[in-house]
Amino acid sequence: MSNSPRAGLAVAGLSLGTSLNPLNSSMIAVALVVLREDFGLDVATVTWVITAFYLTSAAGQPLMGRLADRFGPRRLFLLGMALVAVTCALAPFAPNFALLCVARAFMALGTATAYPSAVVMVAALAREANVKSTRPLGRIQMANTSAAAVGPVVGGLLVSLVGWQALFLINVPLSLLAILVVRRFAPADGARERGRVSELLRDSDLPGIGAFIGALVLVMMAMLNVLPGYRWWLLGGGLVLAALFAWRELRFSPPFLDLRLLGRNRPLLLVYLGFALFNGVYYFAFFGLPQLLQTAGGYNPGVVGLLMLPLAAISVVGTPFAVRAIDRFGVRRVLVAGVVLLLGASAAMWLLTVSLAVPLVLALTALLGVPYCVVAISSSQGMYVSTRPEERGVAAGIFQTCRYLGAITATVLIGIFYGTGVTQANWGLMVFVMLGLGAVVLVVSLRWRERRP
């Protein structure tokens, strides 16, 4: 972004805001034990602090994207970061765990504005800097992917030095800095929808939005088994709401989500499918490997966080090279190459059934970082070029929801495989599932073609 320092600073501010959602989704994991002790909770109850964030993020991303498309990405980004700053300043004083979960939900809603808003602004920033869209999009995606990987390390330091309250307080200066930079350097919003409040509400498809959020939340709650006695009821309710959502969207104009247009946009559907499955493979390692290292390897949590750090480091270093490769060879070739590398890295994970030695773990986490950054940025660019400019906000929101669906699917499957014990033998079975999912991602990637204008 050297062609325009102003655009570069704007991208830096957007990247900072974008990083807050994945950062907070991962670093809370190291605080569960402390939260249990402080609030007197059992294991099942304390996980709601994670579940509340996941559910709100997954359901809120498409909605925030739609609002960015309609009313302006810069405005929405600033409002979202302000919500984060206020919520995180108050959350450490929550008198009970229920209010803490509410705070996590509001934090998730605020951070969910960042990525869709940033994607909507990419075209203007690329024009200002006179570069291809892959440059700003690559930097934003790099922040998005690396933040989740460094979350456990950052969270571990904050909890050990200050306490769980620091996991909220750290967001206050970060969100305020993002506000100052984006407000000063990001391009102003163009002409967006205006009119009386009643007209805006009438055209907002509130029933469709409600049915979409309700269906997604219920299905995800069923997958996560947050209410064990009601899993099938939640799934059934989610499917009913999904059917009502489809019925509504096919009859209302303008719909919250144009299902007819989405159904005709095969490239975008393939990007969503491939990205969800890819995240299923990745989160098998991201969630499953730390448990293996702690239980079967006997490493303490601090050491495990450091052993996972090469994944983030390689993601940061590798993303600029992936961006240049996309500019030179095109999205599809880089995407396919990344998936092939993903299969190779997944196969190499089988070596952990033989040894959990530190050098081997470091090498394998670094190896997994290569396809992670390549597939992530090429999928993001594939989403971008497969979408019309006026729909990129909601498209980016759904793209992020696919990340959470993949993560949740991996979590459910890990629970099944580790149900008989966190052992190297069970890890070996999980590697075969990773390879199977990776093979499907490869087929999807080979079938993807860039959408014609």
# chains A, B, ... in the order shown; residues from 1 in each chain; ligands from 1

call {"tool": "residues_around", "arguments": {"residues": "Val49 (chain A)", "least_positions_apart": "4", "cutoff": "8 Å", "atoms": "only C-alpha atoms", "output": "compact mmCIF listing (two decimals) with all heavy atoms, in the first residue's frame"}}
result
# COMPACT_ATOMS: atom_id res chain seq x y z
N PHE A 53 -20.38 -15.86 22.50
CA PHE A 53 -19.59 -15.13 21.51
C PHE A 53 -19.72 -15.78 20.13
O PHE A 53 -19.91 -15.09 19.13
CB PHE A 53 -18.13 -15.10 21.95
CG PHE A 53 -17.28 -14.14 21.17
CD1 PHE A 53 -17.07 -12.86 21.63
CD2 PHE A 53 -16.67 -14.53 19.98
CE1 PHE A 53 -16.28 -11.96 20.91
CE2 PHE A 53 -15.89 -13.65 19.26
CZ PHE A 53 -15.68 -12.36 19.73
N LEU A 100 -21.81 -11.28 32.40
CA LEU A 100 -20.55 -11.40 31.69
C LEU A 100 -20.78 -12.03 30.31
O LEU A 100 -20.18 -11.61 29.32
CB LEU A 100 -19.57 -12.25 32.50
CG LEU A 100 -18.11 -12.19 32.04
CD1 LEU A 100 -17.53 -10.81 32.29
CD2 LEU A 100 -17.29 -13.25 32.77
N CYS A 101 -21.65 -13.03 30.24
CA CYS A 101 -21.99 -13.64 28.94
C CYS A 101 -22.71 -12.65 28.04
O CYS A 101 -22.50 -12.63 26.83
CB CYS A 101 -22.85 -14.88 29.17
SG CYS A 101 -21.97 -16.27 29.90
N ARG A 104 -20.12 -10.49 26.59
CA ARG A 104 -19.43 -11.18 25.50
C ARG A 104 -20.25 -11.14 24.22
O ARG A 104 -19.71 -11.00 23.11
CB ARG A 104 -19.16 -12.63 25.90
CG ARG A 104 -18.03 -12.80 26.88
CD ARG A 104 -16.68 -12.82 26.21
NE ARG A 104 -16.52 -14.02 25.37
CZ ARG A 104 -15.47 -14.23 24.58
NH1 ARG A 104 -14.50 -13.34 24.51
NH2 ARG A 104 -15.37 -15.34 23.87

call {"tool": "residues_around", "arguments": {"residues": "Val354 (chain A)", "least_positions_apart": "2", "cutoff": "12 Å", "atoms": "only C-alpha atoms", "output": "list in words"}}
result
Ala296, Gly297, Ala348, Met349, Trp350, Leu351, Leu352, Leu356, Ala357, Leu360, Val361, Thr423, Gln424, Ala425, Trp427 and Gly428 of chain A

call {"tool": "write_last_selection", "arguments": {"atoms": "N, CA, C and O atoms", "output": "mmCIF file, in the first residue's frame"}}
result
data_model
loop_
_atom_site.group_PDB
_atom_site.id
_atom_site.type_symbol
_atom_site.label_atom_id
_atom_site.label_comp_id
_atom_site.auth_asym_id
_atom_site.auth_seq_id
_atom_site.Cartn_x
_atom_site.Cartn_y
_atom_site.Cartn_z
ATOM 1 N N ALA A 296 -1.901 -36.117 26.417
ATOM 2 C CA ALA A 296 -1.017 -37.231 26.073
ATOM 3 C C ALA A 296 0.459 -36.848 26.148
ATOM 4 O O ALA A 296 1.307 -37.704 26.427
ATOM 5 N N GLY A 297 0.764 -35.577 25.885
ATOM 6 C CA GLY A 297 2.162 -35.158 25.897
ATOM 7 C C GLY A 297 2.640 -34.630 27.226
ATOM 8 O O GLY A 297 3.857 -34.533 27.451
ATOM 9 N N ALA A 348 0.854 -35.202 7.229
ATOM 10 C CA ALA A 348 2.029 -35.157 8.098
ATOM 11 C C ALA A 348 1.637 -35.177 9.573
ATOM 12 O O ALA A 348 2.431 -35.615 10.424
ATOM 13 N N MET A 349 0.414 -34.718 9.886
ATOM 14 C CA MET A 349 -0.051 -34.711 11.275
ATOM 15 C C MET A 349 -0.129 -36.124 11.859
ATOM 16 O O MET A 349 -0.164 -36.297 13.077
ATOM 17 N N TRP A 350 -0.146 -37.127 11.009
ATOM 18 C CA TRP A 350 -0.176 -38.515 11.493
ATOM 19 C C TRP A 350 1.095 -38.850 12.271
ATOM 20 O O TRP A 350 1.090 -39.728 13.127
ATOM 21 N N LEU A 351 2.179 -38.135 11.989
ATOM 22 C CA LEU A 351 3.441 -38.382 12.692
ATOM 23 C C LEU A 351 3.301 -38.176 14.202
ATOM 24 O O LEU A 351 4.086 -38.717 14.986
ATOM 25 N N LEU A 352 2.311 -37.410 14.621
ATOM 26 C CA LEU A 352 2.099 -37.171 16.046
ATOM 27 C C LEU A 352 1.562 -38.408 16.757
ATOM 28 O O LEU A 352 1.535 -38.443 17.989
ATOM 29 N N LEU A 356 5.489 -36.947 20.171
ATOM 30 C CA LEU A 356 5.024 -35.596 20.491
ATOM 31 C C LEU A 356 6.210 -34.727 20.913
ATOM 32 O O LEU A 356 6.058 -33.804 21.711
ATOM 33 N N ALA A 357 7.356 -35.005 20.339
ATOM 34 C CA ALA A 357 8.566 -34.252 20.654
ATOM 35 C C ALA A 357 8.426 -32.800 20.195
ATOM 36 O O ALA A 357 7.789 -32.517 19.167
ATOM 37 N N LEU A 360 9.285 -31.798 16.478
ATOM 38 C CA LEU A 360 8.307 -32.287 15.518
ATOM 39 C C LEU A 360 7.036 -31.448 15.568
ATOM 40 O O LEU A 360 6.480 -31.074 14.520
ATOM 41 N N VAL A 361 6.555 -31.136 16.764
ATOM 42 C CA VAL A 361 5.332 -30.332 16.903
ATOM 43 C C VAL A 361 5.535 -28.944 16.287
ATOM 44 O O VAL A 361 4.673 -28.440 15.557
ATOM 45 N N THR A 423 -6.048 -39.508 23.139
ATOM 46 C CA THR A 423 -4.888 -40.367 22.911
ATOM 47 C C THR A 423 -4.323 -40.156 21.514
ATOM 48 O O THR A 423 -4.991 -39.614 20.624
ATOM 49 N N GLN A 424 -3.102 -40.596 21.326
ATOM 50 C CA GLN A 424 -2.488 -40.501 20.005
ATOM 51 C C GLN A 424 -3.192 -41.388 18.987
ATOM 52 O O GLN A 424 -3.262 -41.043 17.806
ATOM 53 N N ALA A 425 -3.738 -42.512 19.435
ATOM 54 C CA ALA A 425 -4.485 -43.381 18.521
ATOM 55 C C ALA A 425 -5.725 -42.665 17.999
ATOM 56 O O ALA A 425 -6.035 -42.728 16.792
ATOM 57 N N TRP A 427 -6.131 -39.465 17.862
ATOM 58 C CA TRP A 427 -5.654 -38.399 16.977
ATOM 59 C C TRP A 427 -5.414 -38.944 15.560
ATOM 60 O O TRP A 427 -5.733 -38.269 14.574
ATOM 61 N N GLY A 428 -4.878 -40.147 15.469
ATOM 62 C CA GLY A 428 -4.674 -40.754 14.159
ATOM 63 C C GLY A 428 -5.978 -40.913 13.392
ATOM 64 O O GLY A 428 -6.019 -40.697 12.173
#

call {"tool": "atom_distance", "arguments": {"atom1": "CA of Glu249 (chain A)", "atom2": "CA of Gln381 (chain A)"}}
result
26.9 Å

call {"tool": "residues_around", "arguments": {"residues": "Arg333 (chain A)", "least_positions_apart": "4", "cutoff": "10 Å", "atoms": "only C-alpha atoms", "output": "ChimeraX atom specification"}}
result
/A:325-326,328-329,337-338,378,445-446
